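Worksheet for the structure shown next.
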Amino acid sequence: MGNIMFISVFKEYYNLKEKPKILLVCFIVFSLLLTYFLTNIPEKFVNTLIASFSIFTALLFNLILLLIDMLKDINSNIDITSQKNLQELKVDVIDKCLKIISASIMFSITDIILLLFISFDYSKLLNIINNNLIITLIKYSLYFFTYFFILLFFNSLYSILKIMNILISKEVENKKNEFTKA
C-alpha cells in the first residue's frame with residue numbers, strides 16, 4: 001500500500017513537469033557524479049540535513065493547510081464569466097501545488113530515512129556479511145539515492161516557490177482591483 005502511494009505521488013509529480021524524462025536523466029547523472037566525487041558525507045552534515053528536512057517537512061504540511069484554506073475561500077457562486085474563470089484557474093493552480101507539496105514531503109521523508117541509514121555504523125554489518133563488495137554497493141546505493149532525492153526535493157521546492165509566487169501575486173492583484181473599484 002505504501003509503495004503504491006509512493007509511486008503514484010512520484011508519477012503525479014513528474015506528470016506536472018514539462019520534460020520529465022530529461023529532468024529524470026539529469027538528476028540520475030548528477031546523482032551518479034555526486035556519488036562518485038562525494039563518497040563520504042560527514043556525520044555533522046548528515047545531522048544538519050536530517051534537521052533541515054524535518055523542518056521543511058513541517059513547513060510544507062503547514063503550507064498544505066494554508067492552500068486548503070485558500071481553496072475554501074474560493075467562491076463558486078460568481079456570475080461574471082472572467083471571475084469564474086479566474087476562480088477555476090486558482091483551483092487548478094492550488095491542485096497542482098498540493099501535488100507538488102505532497103511529493104516534496106515524500107522526498108523529504110525519504111531523504112531523512114536514507115540519511116539515517118547513512119549514519120548507521122557499518123562495522124556490525126561487516127561482521128554479519130563477510131563480503132566487502134556487498135557493503136560497498138549498499139553504501140554507494142544509499143549515497144546515490146540520497147543525492148537523487150535531495151535533487152528531487154530542491155526541484156520540488158523551486159516549483160512550489162514558483163506556484164506560490166503566482167498565487168500570491170494574483171491574490172494581491174485581486175485585492176488591489178477591489179480597492180480601486182470601491
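Every chain in the C-alpha cells takes a letter, A first, then B, and so on in the order presented; its residues are numbered from 1, and the ligands are numbered from 1 following the presented order.
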
Which residues are close to segment 139-145 of chain A, i.e. within 7 Å by only C-alpha atoms, leaving aside same-chain residues fewer than 4 positions away? Reply as a PDB file with C-alpha atoms, in the first residue's frame.
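Okay, result_30.pdb is ready:
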```
ATOM      1  CA  SER A  31      23.444  11.817  -8.503  1.00  0.00           C
ATOM      2  CA  LEU A  32      25.959   9.442 -10.049  1.00  0.00           C
ATOM      3  CA  THR A  35      28.165   9.630  -5.552  1.00  0.00           C
ATOM      4  CA  LEU A 114      18.249   7.462   3.803  1.00  0.00           C
ATOM      5  CA  ILE A 118      23.977   6.583   6.088  1.00  0.00           C
ATOM      6  CA  ILE A 135      28.785  -3.454   1.864  1.00  0.00           C
ATOM      7  CA  PHE A 149      16.101  12.588  -3.533  1.00  0.00           C
TER       8      PHE A 149
END
```

Inset, instruction - Can you pull out every residue within 8 Å of segment 18-29 of chain A, counting only C-alpha atoms, but drop anything in the same chain fewer than 3 positions away, and send it as an MDAnalysis selection string? - result: chainID A and resid 14:15 32:33 148 151:152

Selection export as an mmCIF file, in the first residue's frame, atoms kept: all heavy atoms:
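And here is the file that came out, part-v3.cif:
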```
data_model
loop_
_atom_site.group_PDB
_atom_site.id
_atom_site.type_symbol
_atom_site.label_atom_id
_atom_site.label_comp_id
_atom_site.auth_asym_id
_atom_site.auth_seq_id
_atom_site.Cartn_x
_atom_site.Cartn_y
_atom_site.Cartn_z
ATOM 1 N N TYR A 14 5.850 14.015 -11.594
ATOM 2 C CA TYR A 14 6.530 14.113 -12.873
ATOM 3 C C TYR A 14 5.593 14.331 -14.046
ATOM 4 O O TYR A 14 6.016 14.805 -15.092
ATOM 5 C CB TYR A 14 7.472 12.929 -13.097
ATOM 6 C CG TYR A 14 8.816 13.334 -12.561
ATOM 7 C CD1 TYR A 14 9.190 13.010 -11.279
ATOM 8 C CD2 TYR A 14 9.657 14.139 -13.306
ATOM 9 C CE1 TYR A 14 10.387 13.454 -10.761
ATOM 10 C CE2 TYR A 14 10.846 14.597 -12.809
ATOM 11 C CZ TYR A 14 11.207 14.248 -11.533
ATOM 12 O OH TYR A 14 12.373 14.715 -11.024
ATOM 13 N N ASN A 15 4.328 14.035 -13.887
ATOM 14 C CA ASN A 15 3.364 14.380 -14.936
ATOM 15 C C ASN A 15 3.139 15.888 -14.990
ATOM 16 O O ASN A 15 2.674 16.409 -16.001
ATOM 17 C CB ASN A 15 2.035 13.655 -14.715
ATOM 18 C CG ASN A 15 2.128 12.190 -15.053
ATOM 19 O OD1 ASN A 15 2.987 11.770 -15.820
ATOM 20 N ND2 ASN A 15 1.247 11.396 -14.470
ATOM 21 N N LEU A 32 24.808 10.320 -9.823
ATOM 22 C CA LEU A 32 25.959 9.442 -10.049
ATOM 23 C C LEU A 32 27.273 10.199 -9.869
ATOM 24 O O LEU A 32 28.215 9.691 -9.259
ATOM 25 C CB LEU A 32 25.892 8.808 -11.442
ATOM 26 C CG LEU A 32 24.857 7.707 -11.634
ATOM 27 C CD1 LEU A 32 24.728 7.342 -13.114
ATOM 28 C CD2 LEU A 32 25.215 6.487 -10.807
ATOM 29 N N LEU A 33 27.327 11.411 -10.408
ATOM 30 C CA LEU A 33 28.544 12.225 -10.253
ATOM 31 C C LEU A 33 28.805 12.567 -8.788
ATOM 32 O O LEU A 33 29.945 12.482 -8.315
ATOM 33 C CB LEU A 33 28.434 13.507 -11.087
ATOM 34 C CG LEU A 33 28.516 13.335 -12.600
ATOM 35 C CD1 LEU A 33 28.186 14.652 -13.309
ATOM 36 C CD2 LEU A 33 29.894 12.843 -13.008
ATOM 37 N N PHE A 148 19.969 11.723 -5.099
ATOM 38 C CA PHE A 148 18.860 11.777 -6.038
ATOM 39 C C PHE A 148 17.633 12.432 -5.399
ATOM 40 O O PHE A 148 17.022 13.336 -5.977
ATOM 41 C CB PHE A 148 18.528 10.354 -6.523
ATOM 42 C CG PHE A 148 17.410 10.290 -7.511
ATOM 43 C CD1 PHE A 148 17.567 10.752 -8.807
ATOM 44 C CD2 PHE A 148 16.181 9.749 -7.151
ATOM 45 C CE1 PHE A 148 16.541 10.685 -9.720
ATOM 46 C CE2 PHE A 148 15.139 9.681 -8.064
ATOM 47 C CZ PHE A 148 15.314 10.149 -9.351
ATOM 48 N N LEU A 151 18.106 16.178 -4.779
ATOM 49 C CA LEU A 151 17.863 16.942 -6.013
ATOM 50 C C LEU A 151 16.372 17.046 -6.315
ATOM 51 O O LEU A 151 15.889 18.118 -6.698
ATOM 52 C CB LEU A 151 18.606 16.302 -7.186
ATOM 53 C CG LEU A 151 20.124 16.381 -7.146
ATOM 54 C CD1 LEU A 151 20.741 15.522 -8.242
ATOM 55 C CD2 LEU A 151 20.594 17.819 -7.265
ATOM 56 N N LEU A 152 15.650 15.953 -6.146
ATOM 57 C CA LEU A 152 14.197 15.992 -6.352
ATOM 58 C C LEU A 152 13.535 16.970 -5.389
ATOM 59 O O LEU A 152 12.641 17.729 -5.769
ATOM 60 C CB LEU A 152 13.589 14.601 -6.161
ATOM 61 C CG LEU A 152 13.816 13.584 -7.254
ATOM 62 C CD1 LEU A 152 13.293 12.214 -6.832
ATOM 63 C CD2 LEU A 152 13.147 14.029 -8.541
#
```

Close residues, segment 92-98 of chain A itself excluded, 7 Å, only C-alpha atoms, min 2 positions apart in chain, as a compact mmCIF listing (two decimals) with C-alpha atoms, in the first residue's frame:
```txt
# COMPACT_ATOMS: atom_id res chain seq x y z
CA ILE A 64 -0.84 22.41 2.64
CA LEU A 67 -3.66 26.08 0.49
CA GLU A 88 -11.25 27.83 -11.82
CA LEU A 89 -7.65 28.73 -12.64
CA LYS A 90 -6.92 29.23 -8.92
CA ILE A 100 3.99 19.13 -5.72
CA ILE A 101 3.96 19.73 -1.97
CA SER A 102 2.88 16.12 -1.35
CA ILE A 160 6.45 25.33 -5.03
CA ILE A 163 3.47 28.46 -7.93
```

Legend entry - Distance in Å - atom CA of Ser156 of chain A versus atom CA of Lys17 of chain A: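 Those two atoms sit 10.1 Å apart.
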
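Our summary of the geometry notes that atom CA of Ser119 of chain A is positioned 25.0 Å from atom CA of Leu60 of chain A.
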